[in-house]
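Working notes, structure below.
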Amino acid sequence: MKKYYLPIALAGLIAASCGTTGTDSQRSVSEAQKENEKPWGIKVSDNHRYFQTPDGKPFFWLGETGWLAFNKLNREEVADYLDVRKKQGFNIIQIMGLHSLGVVNVYGDTAVFNKDVSQPIVTKGNDFSDSVAYDFWDHVDYTIKTAEDKGLYVAIVPIWGSAAKEGVTAAQAAAYAQFLVNRYGKYPNIIWLNGGDIPGDQKREVWDALGKTIHALDTVHLQTYHPRGRGQSSTLFHNEPWLDFNMIQSGHKDYAQDTMKKDPNYGEDNWRYINVDWNLSPTKPTVDGEPSYEEIPHGLHDTTNGYWFADDIRRFGYWSVFAGGAGYTYGHNSVMQFLKPGETKRAFHAKATWTDALTYPGAKQMIYIKNLMLSRPYFERIPDQSLVADQGERYDYIAATRGEKYAFLYTATGRAFKVKTGILKGDQLVATWFNPRTGVETPAGEFDNKGVLEFKPEGEVKHGNDWVLILDSK
């Protein structure tokens with residue numbers, strides 16, 4: 001469907017872009033929100049720690065990095081991909097808008113004219129059977145609408161960091177942000193993911209222009225910043241009015257590789273980033289939006305250091321959520337780039353095709369952490385390491401979180417650990433072992449809620465024999 005376009009003047013483009021995507025395209029963002037019957041439009045919870053639906057129910061962010069979906073997948077593949085992720089329990093798909101300024105989608109369509117983000121290429125009509133009418137942005141429309149039909153949110157990165165460094169100006173970014181809000185703000189299932197794997201002090205003027213413009217035009221959808229690896233949005237943007245919640249990218253390095261002096265050197269301890277954000281004022285939710293991917297090399301580039309697997313991904317998930325995270329984002333190396341059979345150009349030594357990788361163990365196990373967190377009173381939950389009497393380091397670290405009458409404690413290795421009681425309300429404690437690999441719960445006895453208790457899950461002590469100890473008071 002490759003086509004030739006004439007440049008479109010921006011003044012006419014903004015108006016035109018609102019008239020090519022359907023009969024309801026003239027609705028404002030707020031009108032679209034009100035007219036939708038579903039409880040769309042997650043917002044920051046009343047205690048500013050987590051997310052909730054418009055009717056006040058807890059919303060646990062379970063994200064997936066489908067970065068190149070807009071340009072690598074055709075319509076049938078979009079539907080299949082989203083259907084699988086929906087069935088696996090994911091509720092947010094993180095996708096790049098412009099991976100590069102010259103990005104071309106699977107149908108041969110270019111996104112912007114002359115690599116100028118203030119000139120998106122928009123044709124009249126959106127009929128897929130008409131190869132001229134169906135353009136890059138119509139395909140984005142299709143993807144977002146398909147996600148909406150399946151009950152999924154799409155967290156859009158307007159411009160990836162590397163693309164912004166190709167010469168985007170603040171003025172161009174502001175015009176592009178206006179186009180995006182006018183076109184996509186009417187969808188109820190949008191989250192704005194400013195940034196894109198880049199330190200916030202690089203192209204700061206672009207991120208400010210995007211953030212401020214989106215915030216000025218859209219008061220309905222949430223916005224955050226996706227930082228560089230080993231970084232967090234709060235470092236530069238925490239006090240910005242447009243930043244509704246924080247995001248970290250704990251990245252793909254292991255303990256030995258995390259040696260850069262300008263980084264905090266937390267190694268694999270992604271819970272430390274969450275802890276920093278938890279203690280900031282004003283209070284805002286925070287999420288690890290890009291931890292290590294399943295089946296990606298440690299440090300990304302050298303396979304001799306080994307790959308990250310499902311047990312690592314689970315560990316990063318429970319560590320960050322128990323530290324106070326409002327959710328967690330999963331990623332697979334092959335899925336994020338949608339590696340297809342026969343493709344020779346592949347990033348970060350990806351091995352599997354994206355369709356095979358969809359059902360890897362880590363992806364199927366993410367639903368268990370969401371189910372666990374929503375199984376107890378959600379908004380009262382806080383991180384509380386005072387529950388742990390024999391705290392360990394690195395892989396021996398025991399992560400702990402609790403409400404008033406329940407507690408969750410996570411071990412990544414299945415080692416024995418001691419718990420300080422008397423912190424939860426009640427005279428008795430009911431203990432249960434929760435298996436993060438299967439979601440199965442096993443009774444572990446009843447105990448007086450006093451003194452120090454020692455617990456040991458089944459199995460030998462080794463990496464990947466991870467368990468959650470659930471304590472409920474009665």
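Here's how to read the names in the structure tokens: chain A, B, ... by the order shown, residue numbers from 1 in each chain, ligand numbers from 1 in the order shown.
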**Study point:** Residues flagged strand (DSSP E) by DSSP in stretch 45-273 of chain A, as a ChimeraX atom specification
**Key:** /A:51-52,58-59,61-65,92-98,153-159,190-195,223-226,231-232,246-249
Practice item. Apply DSSP to the backbone of this structure and, from stretch 204-382 of chain A, keep only the residues in alpha helix (DSSP H); write these as a PyMOL selection string. Key: chain A and resi 204-217+234-237+271-278+310-322+333-336+354-357+361-373
Write the residues you've just listed into a file as a tab-separated table (two decimals), in the first residue's frame, and include C-alpha atoms for each of them.
```tsv
chain	number	residue	atom	x	y	z
A	204	ARG	CA	14.18	18.23	27.64
A	205	GLU	CA	12.46	20.90	25.56
A	206	VAL	CA	10.70	18.20	23.53
A	207	TRP	CA	9.43	16.30	26.57
A	208	ASP	CA	8.24	19.52	28.19
A	209	ALA	CA	6.45	20.56	25.01
A	210	LEU	CA	4.75	17.19	24.66
A	211	GLY	CA	3.85	16.98	28.34
A	212	LYS	CA	2.51	20.51	28.68
A	213	THR	CA	0.56	20.46	25.44
A	214	ILE	CA	-1.09	17.11	26.14
A	215	HIS	CA	-1.89	18.20	29.68
A	216	ALA	CA	-3.44	21.46	28.50
A	217	LEU	CA	-5.69	19.74	25.96
A	234	SER	CA	10.74	11.38	39.23
A	235	THR	CA	14.36	12.52	38.88
A	236	LEU	CA	13.41	15.48	36.68
A	237	PHE	CA	9.64	15.51	36.26
A	271	TRP	CA	12.56	-2.38	44.46
A	272	ARG	CA	15.00	0.40	45.40
A	273	TYR	CA	13.67	2.68	42.64
A	274	ILE	CA	10.13	2.11	43.86
A	275	ASN	CA	11.20	2.87	47.40
A	276	VAL	CA	12.60	6.25	46.29
A	277	ASP	CA	9.36	7.21	44.57
A	278	TRP	CA	7.23	5.97	47.47
A	310	ALA	CA	10.71	-16.33	33.68
A	311	ASP	CA	12.03	-16.74	37.22
A	312	ASP	CA	13.89	-13.41	36.91
A	313	ILE	CA	10.82	-11.66	35.51
A	314	ARG	CA	8.69	-12.92	38.41
A	315	ARG	CA	11.28	-11.75	40.91
A	316	PHE	CA	11.36	-8.24	39.45
A	317	GLY	CA	7.59	-8.16	39.49
A	318	TYR	CA	7.06	-9.18	43.11
A	319	TRP	CA	9.97	-7.10	44.35
A	320	SER	CA	8.70	-3.90	42.74
A	321	VAL	CA	5.03	-4.37	43.55
A	322	PHE	CA	5.68	-5.34	47.16
A	333	ASN	CA	12.53	-9.74	23.67
A	334	SER	CA	10.89	-11.21	20.56
A	335	VAL	CA	7.42	-9.81	21.18
A	336	MET	CA	8.47	-6.22	21.80
A	354	TRP	CA	6.90	-13.33	18.32
A	355	THR	CA	3.97	-15.73	17.92
A	356	ASP	CA	5.86	-18.51	19.72
A	357	ALA	CA	7.09	-16.12	22.40
A	361	PRO	CA	6.16	-19.05	30.88
A	362	GLY	CA	6.77	-15.52	32.15
A	363	ALA	CA	3.87	-14.10	30.15
A	364	LYS	CA	1.44	-16.72	31.40
A	365	GLN	CA	2.54	-16.25	35.03
A	366	MET	CA	1.98	-12.48	35.22
A	367	ILE	CA	-1.73	-12.88	35.88
A	368	TYR	CA	-0.96	-14.51	39.21
A	369	ILE	CA	0.62	-11.41	40.69
A	370	LYS	CA	-2.35	-9.32	39.59
A	371	ASN	CA	-4.80	-11.80	41.07
A	372	LEU	CA	-2.88	-11.93	44.34
A	373	MET	CA	-2.72	-8.17	44.77
```
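Taking only C-alpha atoms into account, A:Glu295 lies nearest to A:His349 out of the set A:Arg230, A:Arg381, A:His349, A:Lys72.
Among the candidates A:Gln223, A:Ser386, A:Asn71, A:Thr123, the one nearest to A:Thr286 when counting only C-alpha atoms is A:Gln223.
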**Study point:** Shell around A:Gly66 at 9 Å using only C-alpha atoms, local window under 6 positions removed, as number ranges by chain
**Key:** A: 93-96, 331-332, 335-338
Point to revise | Two-atom distance - atom CA of A:Lys87, atom CA of A:Gly151 (Å) | key: 10.6 Å
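Rounded to one decimal, atom CA of A:Tyr328 and atom CA of A:Gly306 lie 23.3 Å from each other.
Proximity ranking of A:Tyr360, A:Phe113, A:Tyr330, A:Phe136 relative to A:Gly251 places A:Tyr330 first, based on only C-alpha atoms.
Coordinates place atom CA of A:Ala256 at a distance of 25.9 Å from atom CA of A:Phe417.
Closest approach to A:Leu387 from the set A:Gly451, A:Gly89, A:Gly459, A:Gly299 is made by A:Gly451, with distances taken over only C-alpha atoms.
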Exercise for review: Would you mind listing what lies within 8 Å of A:Pro383 as a list in words, with only C-alpha atoms counted and same-chain residues fewer than 4 positions away left out?
Suggested key: Phe322, Ala323, Gly324, Ala400, Thr401 and Arg402 of chain A
Write out the residues from the selection above, keeping C-alpha atoms, as a compact mmCIF listing (two decimals), in the first residue's frame.
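Output file again02.txt follows:
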```
# COMPACT_ATOMS: atom_id res chain seq x y z
CA PHE A 322 5.68 -5.34 47.16
CA ALA A 323 7.82 -2.20 47.48
CA GLY A 324 4.72 -0.14 46.69
CA ALA A 400 7.14 -7.58 52.34
CA THR A 401 3.88 -5.67 51.96
CA ARG A 402 0.75 -5.60 54.07
```
